[in-house]
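Below is one structure, written out as structure tokens, with a few remarks after it.
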Amino acid sequence: MRETPSTIDPDLAMQLKKLRFRAWHRGTREADMIIGGFVDKFGDSFSDRDLSWFEVLLEEQDIDILNWITGKEPAPARFTGPLMQAMQKLDYLDPAK
């Protein structure tokens with residue numbers, strides 16, 4: 001886990017920037033807010049492994065990701081763990097926005 005965004009390796013910072021763009025341009029407003037909001041809140045503290053996990057997650061369909069996050073369907077084993085649990089809390093969303 002990183003202390004501050006200024007300590008991020010430039011290559012990782014570029015990867016995070018690309019992932020952040022992809023997270024905010026999913027195709028549906030709901031997915032943009034949930035997935036984009038998650039990376040905005042936690043992305044700067046992602047480890048290399050977390051970045052890889054998130055990158056793979058972004059390859060999935062929005063409806064599947066939203067179903068996993070809301071608990072409508074169980075997440076596949078490759079996505080279970082602390083990051084999915086953090087996404088499922090949805091406490092990173094700001095209703096004022």
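Labeling convention for the structure tokens: chains A, B, ... as they appear, residues from 1 per chain, ligands from 1 in order of appearance.
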
### Query
Hey, what's within 12 Å of stretch 62-67 of chain A if we count only C-alpha atoms and toss same-chain stuff fewer than 3 positions away? As a PyMOL selection string, please?
chain A and resi 22-36+54+56-59+70-76+79-80+84+87-88+90

Kindly save the residues from that selection, with N, CA and C atoms included, as a tab-separated table (two decimals), in the first residue's frame.
```
chain	number	residue	atom	x	y	z
A	22	ARG	N	-10.95	4.41	-17.81
A	22	ARG	CA	-11.82	3.28	-18.18
A	22	ARG	C	-12.93	3.07	-17.16
A	23	ALA	N	-12.62	3.28	-15.88
A	23	ALA	CA	-13.62	3.10	-14.84
A	23	ALA	C	-14.74	4.13	-14.93
A	24	TRP	N	-14.40	5.34	-15.38
A	24	TRP	CA	-15.39	6.41	-15.48
A	24	TRP	C	-16.08	6.47	-16.83
A	25	HIS	N	-15.71	5.62	-17.74
A	25	HIS	CA	-16.32	5.61	-19.09
A	25	HIS	C	-16.79	4.21	-19.43
A	26	ARG	N	-17.67	3.68	-18.60
A	26	ARG	CA	-18.16	2.32	-18.73
A	26	ARG	C	-19.30	2.21	-19.73
A	27	GLY	N	-20.12	3.22	-19.81
A	27	GLY	CA	-21.26	3.15	-20.73
A	27	GLY	C	-22.58	3.38	-20.04
A	28	THR	N	-22.64	3.16	-18.73
A	28	THR	CA	-23.85	3.49	-17.98
A	28	THR	C	-23.46	4.39	-16.80
A	29	ARG	N	-24.33	5.29	-16.50
A	29	ARG	CA	-24.04	6.25	-15.42
A	29	ARG	C	-23.83	5.53	-14.08
A	30	GLU	N	-24.65	4.51	-13.83
A	30	GLU	CA	-24.54	3.77	-12.58
A	30	GLU	C	-23.17	3.11	-12.44
A	31	ALA	N	-22.74	2.44	-13.51
A	31	ALA	CA	-21.44	1.77	-13.48
A	31	ALA	C	-20.31	2.79	-13.35
A	32	ASP	N	-20.44	3.90	-14.08
A	32	ASP	CA	-19.42	4.96	-13.98
A	32	ASP	C	-19.27	5.42	-12.54
A	33	MET	N	-20.40	5.70	-11.89
A	33	MET	CA	-20.34	6.23	-10.53
A	33	MET	C	-19.80	5.20	-9.53
A	34	ILE	N	-20.23	3.95	-9.66
A	34	ILE	CA	-19.80	2.94	-8.70
A	34	ILE	C	-18.35	2.54	-8.93
A	35	ILE	N	-18.00	2.20	-10.16
A	35	ILE	CA	-16.65	1.72	-10.44
A	35	ILE	C	-15.66	2.89	-10.44
A	36	GLY	N	-16.06	4.00	-11.05
A	36	GLY	CA	-15.20	5.19	-11.05
A	36	GLY	C	-15.01	5.75	-9.66
A	54	PHE	N	-7.84	-4.90	-10.58
A	54	PHE	CA	-8.80	-3.92	-11.09
A	54	PHE	C	-8.82	-3.90	-12.61
A	56	VAL	N	-8.20	-6.40	-14.63
A	56	VAL	CA	-8.93	-7.60	-15.06
A	56	VAL	C	-10.43	-7.40	-14.84
A	57	LEU	N	-10.79	-6.82	-13.70
A	57	LEU	CA	-12.21	-6.57	-13.41
A	57	LEU	C	-12.85	-5.71	-14.49
A	58	LEU	N	-12.12	-4.70	-14.95
A	58	LEU	CA	-12.67	-3.79	-15.96
A	58	LEU	C	-12.94	-4.47	-17.30
A	59	GLU	N	-12.42	-5.65	-17.50
A	59	GLU	CA	-12.70	-6.40	-18.73
A	59	GLU	C	-14.09	-7.05	-18.68
A	70	THR	N	-23.56	-5.55	-5.79
A	70	THR	CA	-24.80	-5.44	-5.03
A	70	THR	C	-25.21	-6.75	-4.36
A	71	GLY	N	-24.50	-7.83	-4.66
A	71	GLY	CA	-24.81	-9.12	-4.05
A	71	GLY	C	-25.92	-9.88	-4.75
A	72	LYS	N	-26.35	-9.38	-5.89
A	72	LYS	CA	-27.40	-10.06	-6.64
A	72	LYS	C	-26.91	-11.42	-7.14
A	73	GLU	N	-25.62	-11.50	-7.43
A	73	GLU	CA	-24.96	-12.74	-7.83
A	73	GLU	C	-23.63	-12.82	-7.09
A	74	PRO	N	-23.17	-14.02	-6.79
A	74	PRO	CA	-21.84	-14.13	-6.16
A	74	PRO	C	-20.74	-13.81	-7.18
A	75	ALA	N	-19.73	-13.13	-6.71
A	75	ALA	CA	-18.58	-12.82	-7.58
A	75	ALA	C	-17.79	-14.09	-7.84
A	76	PRO	N	-17.23	-14.24	-9.04
A	76	PRO	CA	-16.35	-15.38	-9.29
A	76	PRO	C	-15.16	-15.36	-8.32
A	79	PHE	N	-12.38	-12.81	-8.26
A	79	PHE	CA	-12.66	-11.43	-7.84
A	79	PHE	C	-13.03	-11.30	-6.37
A	80	THR	N	-13.12	-12.41	-5.65
A	80	THR	CA	-13.47	-12.31	-4.23
A	80	THR	C	-12.24	-11.87	-3.44
A	84	MET	N	-13.09	-6.57	-3.56
A	84	MET	CA	-14.51	-6.74	-3.86
A	84	MET	C	-15.35	-6.40	-2.63
A	87	MET	N	-15.66	-2.76	-2.48
A	87	MET	CA	-16.61	-2.28	-3.49
A	87	MET	C	-18.05	-2.53	-3.05
A	88	GLN	N	-18.29	-3.64	-2.41
A	88	GLN	CA	-19.64	-4.01	-2.00
A	88	GLN	C	-20.19	-3.13	-0.88
A	90	LEU	N	-20.08	0.12	-0.84
A	90	LEU	CA	-20.63	1.29	-1.51
A	90	LEU	C	-20.57	2.55	-0.66
```

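Relative to atom CA of A:Ala77, atom CA of A:Asp11 is found at 28.4 Å.
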